[in-house]
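Engineer: Provided below: work27.cif, containing mmCIF, C-alpha atoms and all ligand atoms.
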```
data_entry
loop_
_atom_site.label_atom_id
_atom_site.label_comp_id
_atom_site.auth_asym_id
_atom_site.auth_seq_id
_atom_site.Cartn_x
_atom_site.Cartn_y
_atom_site.Cartn_z
CA MET A 1 129.54 64.61 175.81
CA LYS A 2 130.98 64.80 179.26
CA PRO A 3 134.78 64.43 179.04
CA ALA A 4 136.13 61.15 180.38
CA LYS A 5 139.22 62.47 182.14
CA LYS A 6 139.45 65.10 184.88
CA PRO A 7 142.40 67.29 185.85
CA SER A 8 144.44 65.39 188.50
CA ASN A 9 144.45 68.61 190.50
CA PRO A 10 141.24 70.64 190.03
CA CYS A 11 142.55 73.60 192.09
CA PHE A 12 142.60 76.70 189.86
CA SER A 13 141.85 79.34 192.50
CA SER A 14 143.64 82.68 192.37
CA GLY A 15 144.40 82.51 196.06
CA PRO A 16 144.97 80.52 198.08
CA CYS A 17 146.50 78.83 195.03
CA ALA A 18 147.20 75.19 194.23
CA LYS A 19 149.85 73.54 196.40
CA ARG A 20 153.02 72.59 194.56
CA PRO A 21 153.00 69.27 192.67
CA GLY A 22 153.66 66.45 195.14
CA TRP A 23 152.77 68.47 198.26
CA SER A 24 151.28 66.65 201.23
CA PRO A 25 150.89 67.56 204.91
CA ALA A 26 153.95 65.38 205.52
CA SER A 27 155.97 68.19 203.87
CA LEU A 28 155.46 70.11 207.11
CA GLN A 29 156.85 67.53 209.50
CA ASP A 30 159.92 69.56 210.36
CA ALA A 31 157.84 72.59 211.47
CA ALA A 32 159.01 74.33 214.65
CA LEU A 33 155.71 73.77 216.47
CA GLY A 34 155.02 74.42 220.13
CA VAL A 35 158.14 76.54 220.52
CA SER A 36 158.65 80.27 220.46
CA HIS A 37 159.19 82.01 217.14
CA ARG A 38 161.76 84.08 219.01
CA GLY A 39 163.68 80.96 220.09
CA LYS A 40 166.75 79.81 218.17
CA ARG A 41 164.97 77.27 215.95
CA GLY A 42 161.91 79.42 215.23
CA LYS A 43 163.92 82.49 214.41
CA ALA A 44 166.27 80.52 212.17
CA LYS A 45 163.28 79.28 210.13
CA LEU A 46 161.93 82.82 209.73
CA ALA A 47 165.34 84.07 208.64
CA GLU A 48 165.59 81.15 206.21
CA VAL A 49 162.32 82.18 204.52
CA ILE A 50 163.77 85.66 204.05
CA GLU A 51 167.12 84.48 202.70
CA ARG A 52 165.70 81.85 200.36
CA SER A 53 163.06 84.29 199.04
CA LYS A 54 165.72 86.89 198.31
CA ALA A 55 167.90 84.33 196.54
CA VAL A 56 165.12 82.83 194.41
CA LEU A 57 163.86 86.28 193.40
CA GLY A 58 167.36 87.63 192.72
CA MET A 59 166.70 90.59 195.02
CA PRO A 60 169.63 93.04 195.24
CA LYS A 61 171.82 92.54 198.32
CA ASP A 62 171.15 96.04 199.64
CA TRP A 63 167.38 95.51 199.84
CA LEU A 64 165.62 94.57 203.09
CA LEU A 65 162.96 91.86 203.21
CA GLY A 66 160.66 91.25 206.15
CA ILE A 67 157.78 88.97 207.11
CA VAL A 68 154.84 91.12 208.19
CA PRO A 69 151.29 90.55 209.47
CA ALA A 70 148.05 90.42 207.47
CA SER A 71 149.18 88.90 204.20
CA ASP A 72 149.74 91.09 201.15
CA THR A 73 147.14 93.59 202.34
CA GLY A 74 149.15 94.09 205.52
CA ALA A 75 152.36 94.61 203.59
CA VAL A 76 150.84 97.15 201.15
CA GLU A 77 149.01 99.08 203.85
CA MET A 78 152.12 99.15 206.01
CA ALA A 79 154.09 100.65 203.13
CA MET A 80 151.38 103.18 202.31
CA TRP A 81 150.87 104.30 205.90
CA SER A 82 154.59 104.54 206.61
CA LEU A 83 155.82 106.13 203.38
CA LEU A 84 153.11 108.23 201.76
CA GLY A 85 152.48 111.89 202.45
CA ALA A 86 156.06 113.07 202.01
CA ARG A 87 155.36 114.15 198.40
CA GLY A 88 152.54 113.94 195.85
CA CYS A 89 151.15 110.53 195.04
CA ASP A 90 149.96 108.81 191.84
CA ILE A 91 147.99 105.59 192.10
CA LEU A 92 147.19 103.29 189.20
CA ALA A 93 143.89 101.48 189.40
CA TRP A 94 142.74 99.09 186.69
CA GLU A 95 140.92 96.53 188.80
CA SER A 96 139.67 95.88 192.29
CA PHE A 97 142.90 95.83 194.32
CA GLY A 98 144.44 98.95 192.79
CA SER A 99 141.10 100.70 193.31
CA GLY A 100 141.24 99.65 196.97
CA TRP A 101 144.68 101.22 197.44
CA ALA A 102 143.45 104.41 195.72
CA SER A 103 140.43 104.55 197.99
CA ASP A 104 142.58 104.17 201.11
CA ALA A 105 144.92 106.94 199.96
CA LYS A 106 141.98 109.24 199.37
CA ASN A 107 139.58 108.35 202.19
CA GLN A 108 141.81 107.07 204.98
CA LEU A 109 145.15 108.85 204.51
CA LYS A 110 143.33 111.82 202.93
CA LEU A 111 146.35 112.60 200.72
CA LYS A 112 146.01 116.09 199.30
CA ASP A 113 148.16 115.86 196.19
CA LEU A 114 146.72 112.61 194.84
CA THR A 115 146.15 111.57 191.22
CA VAL A 116 144.39 108.31 190.43
CA HIS A 117 145.00 106.89 186.95
CA LYS A 118 142.05 104.65 186.23
CA ALA A 119 141.24 102.15 183.53
CA GLU A 120 138.38 99.74 182.98
CA TYR A 121 138.70 95.99 183.52
CA GLY A 122 140.78 94.58 180.67
CA GLN A 123 142.79 97.78 180.07
CA LEU A 124 145.82 99.56 181.55
CA PRO A 125 145.78 103.29 182.33
CA ASP A 126 147.99 105.63 180.29
CA MET A 127 151.33 105.01 181.99
CA HIS A 128 152.90 108.04 180.29
CA LYS A 129 150.82 110.31 182.50
CA VAL A 130 152.44 109.04 185.72
CA LYS A 131 154.48 111.73 187.48
CA TRP A 132 157.72 110.31 188.83
CA ASP A 133 158.45 113.20 191.16
CA HIS A 134 155.49 111.68 193.04
CA ASP A 135 155.32 108.38 194.90
CA VAL A 136 153.57 105.84 192.69
CA VAL A 137 151.47 102.93 193.95
CA PHE A 138 150.48 100.17 191.51
CA THR A 139 149.81 96.45 191.21
CA TRP A 140 152.19 94.57 188.92
CA ASN A 141 149.49 92.09 188.05
CA GLY A 142 145.83 92.97 188.47
CA THR A 143 144.56 89.69 189.84
CA THR A 144 140.90 90.46 189.22
CA SER A 145 141.20 91.59 185.58
CA GLY A 146 144.11 89.44 184.43
CA VAL A 147 145.95 92.54 183.19
CA ARG A 148 149.64 92.98 184.05
CA VAL A 149 152.16 95.64 183.22
CA PRO A 150 154.24 94.15 180.39
CA ASP A 151 157.57 95.36 181.80
CA GLY A 152 159.10 98.11 183.93
CA ASN A 153 160.23 100.42 181.12
CA TRP A 154 157.52 102.97 181.97
CA ILE A 155 159.04 103.45 185.45
CA ALA A 156 161.56 106.31 185.44
CA LYS A 157 165.07 105.18 186.35
CA ASP A 158 165.81 108.62 187.78
CA ARG A 159 162.52 108.96 189.67
CA GLN A 160 162.38 111.18 192.74
CA GLY A 161 159.34 109.46 194.21
CA LEU A 162 159.12 105.84 195.31
CA ALA A 163 157.71 103.04 193.13
CA ILE A 164 155.51 101.03 195.50
CA CYS A 165 154.45 97.79 193.86
CA ASP A 166 151.85 95.27 195.00
CA ALA A 167 153.34 92.22 193.31
CA THR A 168 151.40 89.51 195.10
CA SER A 169 150.21 87.68 192.00
CA ALA A 170 153.39 88.46 190.05
CA ALA A 171 156.30 87.59 192.37
CA PHE A 172 157.83 84.21 191.44
CA ALA A 173 155.98 84.16 188.09
CA MET A 174 157.06 87.38 186.39
CA ASP A 175 160.34 89.19 185.98
CA LEU A 176 160.51 92.07 188.49
CA PRO A 177 162.99 94.84 187.56
CA TRP A 178 164.35 95.56 191.05
CA GLY A 179 166.28 98.63 189.88
CA ARG A 180 163.01 100.34 188.98
CA LEU A 181 161.14 99.45 192.17
CA ASP A 182 161.38 100.67 195.77
CA VAL A 183 158.77 98.66 197.65
CA VAL A 184 157.59 95.22 196.58
CA THR A 185 154.97 93.19 198.44
CA TRP A 186 153.48 89.74 198.18
CA SER A 187 151.90 86.95 200.18
CA TRP A 188 152.82 83.27 200.49
CA GLN A 189 149.39 82.18 199.30
CA LYS A 190 149.98 82.93 195.62
CA VAL A 191 152.56 81.66 193.12
CA LEU A 192 154.37 79.19 195.40
CA GLY A 193 151.09 77.81 196.77
CA GLY A 194 151.72 78.68 200.42
CA GLU A 195 149.31 79.74 203.13
CA ALA A 196 147.76 83.18 203.65
CA ALA A 197 148.03 85.56 206.63
CA HIS A 198 151.70 86.46 206.28
CA GLY A 199 152.96 89.20 204.01
CA MET A 200 156.39 89.91 202.57
CA LEU A 201 157.64 93.49 202.43
CA ALA A 202 160.75 94.29 200.40
CA LEU A 203 162.37 97.73 200.68
CA SER A 204 165.01 99.36 198.49
CA PRO A 205 167.70 101.58 200.08
CA ARG A 206 165.66 104.62 198.92
CA ALA A 207 162.56 103.34 200.72
CA VAL A 208 164.62 102.80 203.88
CA GLU A 209 166.02 106.30 203.56
CA ARG A 210 162.45 107.68 203.35
CA LEU A 211 161.41 105.71 206.42
CA GLN A 212 164.30 107.17 208.39
CA SER A 213 163.87 110.75 207.23
CA TYR A 214 160.09 111.20 207.22
CA THR A 215 157.42 110.86 209.90
CA PRO A 216 153.80 110.77 208.67
CA SER A 217 151.32 113.17 210.25
CA TRP A 218 148.94 110.32 211.15
CA PRO A 219 149.42 107.79 213.94
CA ILE A 220 151.04 104.45 213.06
CA PRO A 221 149.66 101.42 214.90
CA LYS A 222 152.20 99.00 216.39
CA ILE A 223 151.29 96.39 213.77
CA PHE A 224 152.51 98.78 210.99
CA ALA A 225 155.56 100.23 212.75
CA LEU A 226 158.76 99.80 210.75
CA THR A 227 160.80 102.38 212.65
CA LYS A 228 161.56 103.22 216.25
CA GLY A 229 162.97 106.59 217.24
CA GLY A 230 163.46 107.47 213.57
CA LYS A 231 165.57 104.35 212.87
CA ILE A 232 164.49 101.28 210.90
CA ILE A 233 163.78 98.27 213.13
CA GLU A 234 166.42 95.99 211.64
CA GLY A 235 165.20 92.88 213.44
CA ILE A 236 162.03 92.76 211.31
CA PHE A 237 164.27 92.04 208.32
CA LYS A 238 166.12 89.24 210.05
CA GLY A 239 163.10 87.23 211.17
CA GLU A 240 162.11 89.08 214.33
CA THR A 241 158.48 89.49 213.34
CA ILE A 242 156.34 92.30 214.78
CA ASN A 243 153.91 89.79 216.27
CA THR A 244 153.53 86.02 216.37
CA PRO A 245 153.56 84.16 213.02
CA SER A 246 152.26 80.64 212.35
CA MET A 247 155.28 78.36 212.30
CA LEU A 248 153.22 75.84 210.34
CA CYS A 249 152.77 78.43 207.57
CA VAL A 250 156.47 79.28 207.85
CA GLU A 251 157.36 75.63 207.22
CA ASP A 252 155.02 75.57 204.28
CA ALA A 253 156.61 78.71 202.84
CA LEU A 254 160.01 77.02 203.17
CA ASP A 255 158.66 73.96 201.41
CA GLY A 256 157.48 76.12 198.50
CA LEU A 257 160.83 77.88 198.25
CA LYS A 258 162.78 74.61 198.33
CA TRP A 259 160.53 73.26 195.58
CA ALA A 260 161.19 76.42 193.56
CA GLU A 261 164.95 75.89 193.96
CA SER A 262 164.67 72.19 193.07
CA ILE A 263 163.02 72.88 189.71
CA GLY A 264 165.54 75.56 188.68
CA GLY A 265 164.57 78.77 190.48
CA ILE A 266 162.94 81.88 189.08
CA LYS A 267 163.54 81.05 185.40
CA ALA A 268 161.78 77.70 185.78
CA LEU A 269 158.92 79.25 187.75
CA ILE A 270 158.34 81.90 185.08
CA LYS A 271 158.59 79.27 182.36
CA ARG A 272 155.93 77.10 184.00
CA SER A 273 153.55 80.01 184.37
CA GLU A 274 154.11 81.28 180.83
CA ALA A 275 153.53 77.75 179.51
CA ASN A 276 150.17 77.80 181.28
CA LEU A 277 149.25 81.10 179.63
CA ALA A 278 150.38 79.74 176.25
CA SER A 279 148.19 76.71 176.70
CA VAL A 280 145.13 78.84 177.56
CA THR A 281 145.95 81.10 174.59
CA ARG A 282 145.92 78.09 172.25
CA TRP A 283 142.57 76.94 173.59
CA VAL A 284 141.04 80.43 173.42
CA SER A 285 142.20 80.83 169.80
CA GLN A 286 140.32 77.63 168.87
CA THR A 287 137.23 78.36 170.98
CA PRO A 288 134.73 80.91 169.66
CA TRP A 289 132.75 81.24 172.90
CA VAL A 290 135.62 82.66 175.03
CA ASP A 291 138.12 85.47 174.80
CA PHE A 292 140.63 87.17 177.10
CA LEU A 293 139.39 90.04 179.23
CA ALA A 294 142.79 91.71 178.70
CA ALA A 295 142.51 93.42 175.32
CA GLU A 296 146.23 93.77 174.59
CA PRO A 297 148.09 90.41 174.30
CA LYS A 298 151.28 91.69 175.97
CA THR A 299 149.30 92.71 179.08
CA ARG A 300 147.76 89.26 179.57
CA SER A 301 148.58 87.79 182.92
CA CYS A 302 150.25 84.40 183.12
CA THR A 303 148.91 83.87 186.66
CA SER A 304 145.35 85.19 186.99
CA ILE A 305 144.08 84.40 183.51
CA CYS A 306 140.74 86.18 183.13
CA LEU A 307 138.36 85.21 180.35
CA LYS A 308 135.12 86.69 179.11
CA ILE A 309 132.35 84.97 177.20
CA ALA A 310 132.36 86.08 173.60
CA ASP A 311 129.27 84.27 172.31
CA PRO A 312 126.81 86.80 170.72
CA TRP A 313 123.85 85.03 172.39
CA TYR A 314 125.47 85.62 175.80
CA ALA A 315 126.34 89.24 175.00
CA ALA A 316 122.63 89.93 174.36
CA LEU A 317 121.65 88.74 177.87
CA SER A 318 121.05 91.16 180.76
CA PRO A 319 123.98 91.66 183.20
CA GLU A 320 122.10 89.54 185.79
CA GLN A 321 121.56 86.71 183.30
CA GLN A 322 125.22 86.89 182.26
CA ALA A 323 126.36 86.63 185.87
CA ASP A 324 123.94 83.77 186.41
CA GLY A 325 125.30 81.95 183.35
CA THR A 326 128.91 82.07 184.47
CA LYS A 327 127.92 81.06 188.01
CA LYS A 328 126.20 78.01 186.53
CA ILE A 329 129.38 77.03 184.63
CA VAL A 330 131.43 77.40 187.82
CA SER A 331 128.97 75.37 189.94
CA LEU A 332 128.67 72.64 187.35
CA LEU A 333 132.43 72.16 187.20
CA GLU A 334 132.73 72.28 190.96
CA ALA A 335 130.00 69.63 191.35
CA GLU A 336 131.91 67.46 188.86
CA ARG A 337 135.13 68.11 190.79
CA ALA A 338 136.69 69.18 187.50
CA ALA A 339 137.58 72.71 188.68
CA TYR A 340 137.29 74.74 191.85
CA ASP A 341 136.99 78.52 192.17
CA ILE A 342 137.16 79.54 188.52
CA GLY A 343 134.55 82.30 188.64
CA ALA A 344 135.53 85.93 188.03
CA TYR A 345 136.23 88.03 191.15
CA ARG A 346 133.10 89.47 192.76
CA ASP A 347 133.74 93.07 191.55
CA ALA A 348 134.92 92.08 188.06
CA PRO A 349 132.75 91.65 184.94
CA PRO A 350 131.16 88.18 184.74
CA GLY A 351 133.55 85.61 183.34
CA LEU A 352 136.02 82.91 184.27
CA ARG A 353 139.42 83.11 185.95
CA LEU A 354 141.96 80.34 185.74
CA TRP A 355 145.09 80.48 187.88
CA GLY A 356 148.18 79.67 185.86
CA GLY A 357 150.87 80.27 188.50
CA ALA A 358 153.89 78.00 188.81
CA THR A 359 152.23 75.34 190.98
CA VAL A 360 149.61 74.59 188.31
CA GLU A 361 150.49 71.81 185.87
CA THR A 362 149.85 72.67 182.20
CA ARG A 363 148.48 69.13 181.80
CA ASP A 364 145.75 69.90 184.34
CA LEU A 365 144.71 73.02 182.44
CA GLU A 366 144.63 71.03 179.21
CA GLU A 367 142.39 68.48 180.85
CA LEU A 368 140.14 71.28 182.05
CA PHE A 369 139.49 72.79 178.58
CA PRO A 370 137.12 70.01 177.36
CA TRP A 371 135.25 70.39 180.66
CA LEU A 372 134.86 74.11 180.08
CA ASP A 373 133.50 73.44 176.59
CA TRP A 374 131.12 70.86 178.00
CA ALA A 375 129.89 73.10 180.83
CA TRP A 376 129.38 76.01 178.44
CA ALA A 377 127.29 73.86 176.08
CA GLU A 378 125.21 72.53 179.00
CA VAL A 379 124.56 75.98 180.45
CA LYS A 380 123.74 77.57 177.10
CA ALA A 381 121.33 74.75 176.22
CA GLY A 382 119.68 74.99 179.64
CA MET A 383 119.30 78.77 179.51
CA THR A 384 118.06 78.82 175.89
CA LYS A 385 115.45 76.18 176.73
CA ALA A 386 114.29 78.10 179.82
CA ALA A 387 113.91 81.36 177.87
C1 LIG J 401 146.77 92.32 193.64
C2 LIG J 401 146.32 91.88 194.99
N1 LIG J 401 146.54 92.69 196.04
C3 LIG J 401 146.17 92.34 197.28
C4 LIG J 401 145.53 91.16 197.54
C5 LIG J 401 145.12 90.82 198.92
O1 LIG J 401 145.92 89.76 199.32
P1 LIG J 401 145.84 89.11 200.76
O2 LIG J 401 144.46 88.53 200.87
O3 LIG J 401 146.92 88.10 200.70
O4 LIG J 401 146.07 90.18 201.73
C6 LIG J 401 145.27 90.27 196.48
C7 LIG J 401 144.58 89.00 196.72
O5 LIG J 401 144.26 88.26 195.84
C8 LIG J 401 145.69 90.65 195.19
O6 LIG J 401 145.48 89.84 194.18
#
```
Could you quickly redo this structure as structure tokens?

Structural biologist:
Amino acid sequence: MKPAKKPSNPCFSSGPCAKRPGWSPASLQDAALGVSHRGKRGKAKLAEVIERSKAVLGMPKDWLLGIVPASDTGAVEMAMWSLLGARGCDILAWESFGSGWASDAKNQLKLKDLTVHKAEYGQLPDMHKVKWDHDVVFTWNGTTSGVRVPDGNWIAKDRQGLAICDATSAAFAMDLPWGRLDVVTWSWQKVLGGEAAHGMLALSPRAVERLQSYTPSWPIPKIFALTKGGKIIEGIFKGETINTPSMLCVEDALDGLKWAESIGGIKALIKRSEANLASVTRWVSQTPWVDFLAAEPKTRSCTSICLKIADPWYAALSPEQQADGTKKIVSLLEAERAAYDIGAYRDAPPGLRLWGGATVETRDLEELFPWLDWAWAEVKAGMTKAA
């Protein structure tokens, strides 16, 4: 039977993610539109995003935080192009985004002393093999496999290299141990439900020291340049962006941060996201046809919650039929306006992905579960009949 009630907000995409509860375009009415981002009002708004982000995240006072172009990709690439090459490099790749950073290090930067620690979707690589006299690039939360690092204990406190962390689907939903990190990046489009296109780049004093003491052998385009004449460009970290940002997106980022503060800051954000994971975990434990893609419970993401289909009938299908089956579930739920964008990422194994970041209400997920059961039964019946 088709469930009677639908989630009030059917947005479960892993980016751009659901807007915060209560958001409307009216939340943007104070945007500094039609004026220069370098003018007093525009610049103050950019600086406010930086200051509020630092405060909500509990970033140490001696870190720098800047707004950079090209979303999280821009921030990660900027860090890689500006910092790598000074020493050996280890990259951890356990899903699509980490693999992308590894490929850039190998094929674009052509790093000579490069080790890639790989794992299949659902697993983490062996973290004990990471060499901390090297720079280390990793994603805190693998958005396409739903596997996160459980904590930062595997990161050496006395490392000589830099810990460069793509935290785009972790920041504001997971505890980040600042003392064990040197570069942290994210985009507004994730946990706080902002807009894409702008990235955040956070640098520890050690990362700044590297920037000021090392010049890569490759050219650095203007859009990636963090230093001038061997000195860090301080303005970037006070709201003087490299190029022109969207002040509408800036206002929206401020709205998300103010909402985060209003509900109790980072603790409340993490609590909301973990409650979403707990609710999915309860449903999965009662539902024989699904399971987590992440094998180890403590590595299961509370934001990008990736599920596989565990039904033996489905497992016996060809990979094409499996992909077709999950696509049918996704389309059915989209047509019913019960859920949008819940299919696995294009490079990941076929399955479902539910965003559980802080802007998602647990109630909406709970209203989605009967729809998932219904769609699964419909698709299985349809495919069995056709066979
Ligand atoms: C782990 C990770 N890294 C990088 C990206 C790319 O982010 P953006 O499209 O904001 O550049 C994503 C997007 O989902 C991601 O999940």

Engineer: Kindly compile the residues surrounding ligand LIG 401 (chain J) within 10 Å, counting only C-alpha atoms and all ligand atoms, and format them as a ChimeraX atom specification.

Structural biologist: /A:13-17,69-77,95-98,100-101,138-146,165-170,185-190,195-200,304,345

Engineer: Rank nothing, just name the residue among A:Asp104, A:Glu240, A:Asp182, A:Asp291 nearest to Pro205 of chain A, using all atoms listed in the file.

Structural biologist: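 For Pro205 of chain A, the nearest of the given residues is A:Asp182.
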
Engineer: List as a short mmCIF file (atom, residue, chain, number, x, y, z; two decimals) with C-alpha atoms, in the frame of the given file the residues having at least one atom at most 12 Å from position (160.6, 98.2, 211.5) as given in the file, counting all atoms listed in the file.

Structural biologist:
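Generated file (selection00.cif):
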```
data_model
loop_
_atom_site.label_atom_id
_atom_site.label_comp_id
_atom_site.auth_asym_id
_atom_site.auth_seq_id
_atom_site.Cartn_x
_atom_site.Cartn_y
_atom_site.Cartn_z
CA LEU A 64 165.62 94.57 203.09
CA LEU A 65 162.96 91.86 203.21
CA GLY A 66 160.66 91.25 206.15
CA ILE A 67 157.78 88.97 207.11
CA VAL A 68 154.84 91.12 208.19
CA ALA A 75 152.36 94.61 203.59
CA MET A 78 152.12 99.15 206.01
CA ALA A 79 154.09 100.65 203.13
CA SER A 82 154.59 104.54 206.61
CA LEU A 201 157.64 93.49 202.43
CA ALA A 202 160.75 94.29 200.40
CA LEU A 203 162.37 97.73 200.68
CA VAL A 208 164.62 102.80 203.88
CA LEU A 211 161.41 105.71 206.42
CA GLN A 212 164.30 107.17 208.39
CA ILE A 220 151.04 104.45 213.06
CA PRO A 221 149.66 101.42 214.90
CA LYS A 222 152.20 99.00 216.39
CA ILE A 223 151.29 96.39 213.77
CA PHE A 224 152.51 98.78 210.99
CA ALA A 225 155.56 100.23 212.75
CA LEU A 226 158.76 99.80 210.75
CA THR A 227 160.80 102.38 212.65
CA LYS A 228 161.56 103.22 216.25
CA GLY A 229 162.97 106.59 217.24
CA GLY A 230 163.46 107.47 213.57
CA LYS A 231 165.57 104.35 212.87
CA ILE A 232 164.49 101.28 210.90
CA ILE A 233 163.78 98.27 213.13
CA GLU A 234 166.42 95.99 211.64
CA GLY A 235 165.20 92.88 213.44
CA ILE A 236 162.03 92.76 211.31
CA PHE A 237 164.27 92.04 208.32
CA LYS A 238 166.12 89.24 210.05
CA GLY A 239 163.10 87.23 211.17
CA GLU A 240 162.11 89.08 214.33
CA THR A 241 158.48 89.49 213.34
CA ILE A 242 156.34 92.30 214.78
CA ASN A 243 153.91 89.79 216.27
#
```

Engineer: Can you list, as an NGL selection string, every protein, DNA or RNA residue that comes within 9 Å of Leu46 of chain A when you count all atoms listed in the file, leaving out same-chain residues fewer than 2 positions away?

Structural biologist: :A and (37 or 41-44 or 48-51 or 67 or 238-241 or 247 or 250-251 or 254)

Engineer: Within 9 Å of (140.3, 79.7, 176.4), in the coordinates the file gives, what residues turn up when you count all atoms listed in the file, written out as a list of chain:residue names?

Structural biologist: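 In the file's frame, the residues around the point are A:Ser279, A:Val280, A:Thr281, A:Arg282, A:Trp283, A:Val284, A:Ser285, A:Gln286, A:Thr287, A:Pro288, A:Trp289, A:Val290, A:Asp291, A:Phe292, A:Leu307, A:Phe369, A:Leu372.
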
Engineer: As a PDB file with C-alpha atoms, keeping the file's coordinate frame, please: the residues near Glu261 of chain A (cut-off 7 Å, all atoms listed in the file, same-chain neighbours under 4 positions excluded).

Structural biologist:
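Result file follows (around23.pdb):
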```pdb
ATOM      1  CA  VAL A  56     165.120  82.830 194.410  1.00  0.00           C
ATOM      2  CA  LEU A 257     160.830  77.880 198.250  1.00  0.00           C
ATOM      3  CA  GLY A 265     164.570  78.770 190.480  1.00  0.00           C
TER       4      GLY A 265
END
```

Engineer: Between atom CA of Gly382 of chain A and atom CA of Ala294 of chain A, what distance in Å does the model show, to one decimal?

Structural biologist: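 Straight-line distance from atom CA of Gly382 of chain A to atom CA of Ala294 of chain A works out to 28.5 Å.
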
Engineer: Could you tell me how far atom CA of Leu114 of chain A sits from atom CA of Asp135 of chain A, in Å to one decimal place?

Structural biologist: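 Rounded to one decimal, the two atoms are 9.6 Å apart.
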
Engineer: What separation in Å, quoted to one decimal, exists between atom CA of Ala86 of chain A and atom CA of Met127 of chain A?

Structural biologist: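 Atom-to-atom, atom CA of Ala86 of chain A to atom CA of Met127 of chain A, that is 22.1 Å.
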
Engineer: Would you mind telling me which residue in A:Leu83, A:Glu367, A:Trp218, A:Pro7 lies nearest to Lys110 of chain A when using only C-alpha atoms?

Structural biologist: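 Looking only at the distances to Lys110 of chain A, the closest residue turns out to be A:Trp218.
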
Engineer: Pull the closest atom pair for each residue of segment 294-328 of chain A that gets at most 12 Å from segment 268-272 of chain A, along with the distance in Å to one decimal, counting all atoms listed in the file, ordering rows by chain and then ascending residue number, as a tab-separated table.

Structural biologist:
```
residue	atom	partner	partner_atom	distance
A:Ser301	CA	A:Ile270	CA	11.6
A:Cys302	CA	A:Ile270	CA	8.7
A:Thr303	CA	A:Ile270	CA	9.8
```

Engineer: Keeping only C-alpha atoms, write the selected residues as a short mmCIF file (atom, residue, chain, number, x, y, z; two decimals), keeping the file's coordinate frame.

Structural biologist:
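File written: result-v8.cif
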```cif
data_model
loop_
_atom_site.label_atom_id
_atom_site.label_comp_id
_atom_site.auth_asym_id
_atom_site.auth_seq_id
_atom_site.Cartn_x
_atom_site.Cartn_y
_atom_site.Cartn_z
CA SER A 301 148.58 87.79 182.92
CA CYS A 302 150.25 84.40 183.12
CA THR A 303 148.91 83.87 186.66
#
```

Engineer: Give me the residues within 8 Å of Arg20 of chain A as a list of chain:residue names, counting all atoms listed in the file and dropping any in the same chain fewer than 5 places off.

Structural biologist: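 In the requested format, the answer is A:Leu192, A:Gly193, A:Gly256, A:Trp259, A:Ala358, A:Thr359, A:Val360.
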
Engineer: Which residue is closest to Lys328 of chain A? Choose from A:Val379, A:Cys306, A:Tyr314, A:Arg346 and count all atoms listed in the file.

Structural biologist: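 Looking at the shortest contact to Lys328 of chain A, the residue is A:Val379.
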
Engineer: With distances taken over all atoms listed in the file, which of A:Thr326, A:Ala344, A:Ile266, A:Asp151 is nearest to Ser53 of chain A?

Structural biologist: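 Smallest distance to Ser53 of chain A is found for A:Ile266.
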
Engineer: I need segment 78-91 of chain A from the structure I supplied, saved as a short mmCIF file (atom, residue, chain, number, x, y, z; two decimals), in the first residue's frame with C-alpha atoms retained.

Structural biologist:
```
data_model
loop_
_atom_site.label_atom_id
_atom_site.label_comp_id
_atom_site.auth_asym_id
_atom_site.auth_seq_id
_atom_site.Cartn_x
_atom_site.Cartn_y
_atom_site.Cartn_z
CA MET A 78 44.13 25.44 -4.44
CA ALA A 79 45.64 23.72 -1.41
CA MET A 80 47.10 20.89 -3.47
CA TRP A 81 48.61 23.14 -6.12
CA SER A 82 50.03 25.59 -3.59
CA LEU A 83 51.35 23.18 -0.96
CA LEU A 84 52.27 19.82 -2.48
CA GLY A 85 55.65 18.94 -3.92
CA ALA A 86 57.73 20.11 -0.97
CA ARG A 87 57.94 16.54 0.41
CA GLY A 88 56.50 13.10 -0.33
CA CYS A 89 52.74 12.76 -0.48
CA ASP A 90 50.25 10.10 0.67
CA ILE A 91 46.68 10.25 -0.59
#
```
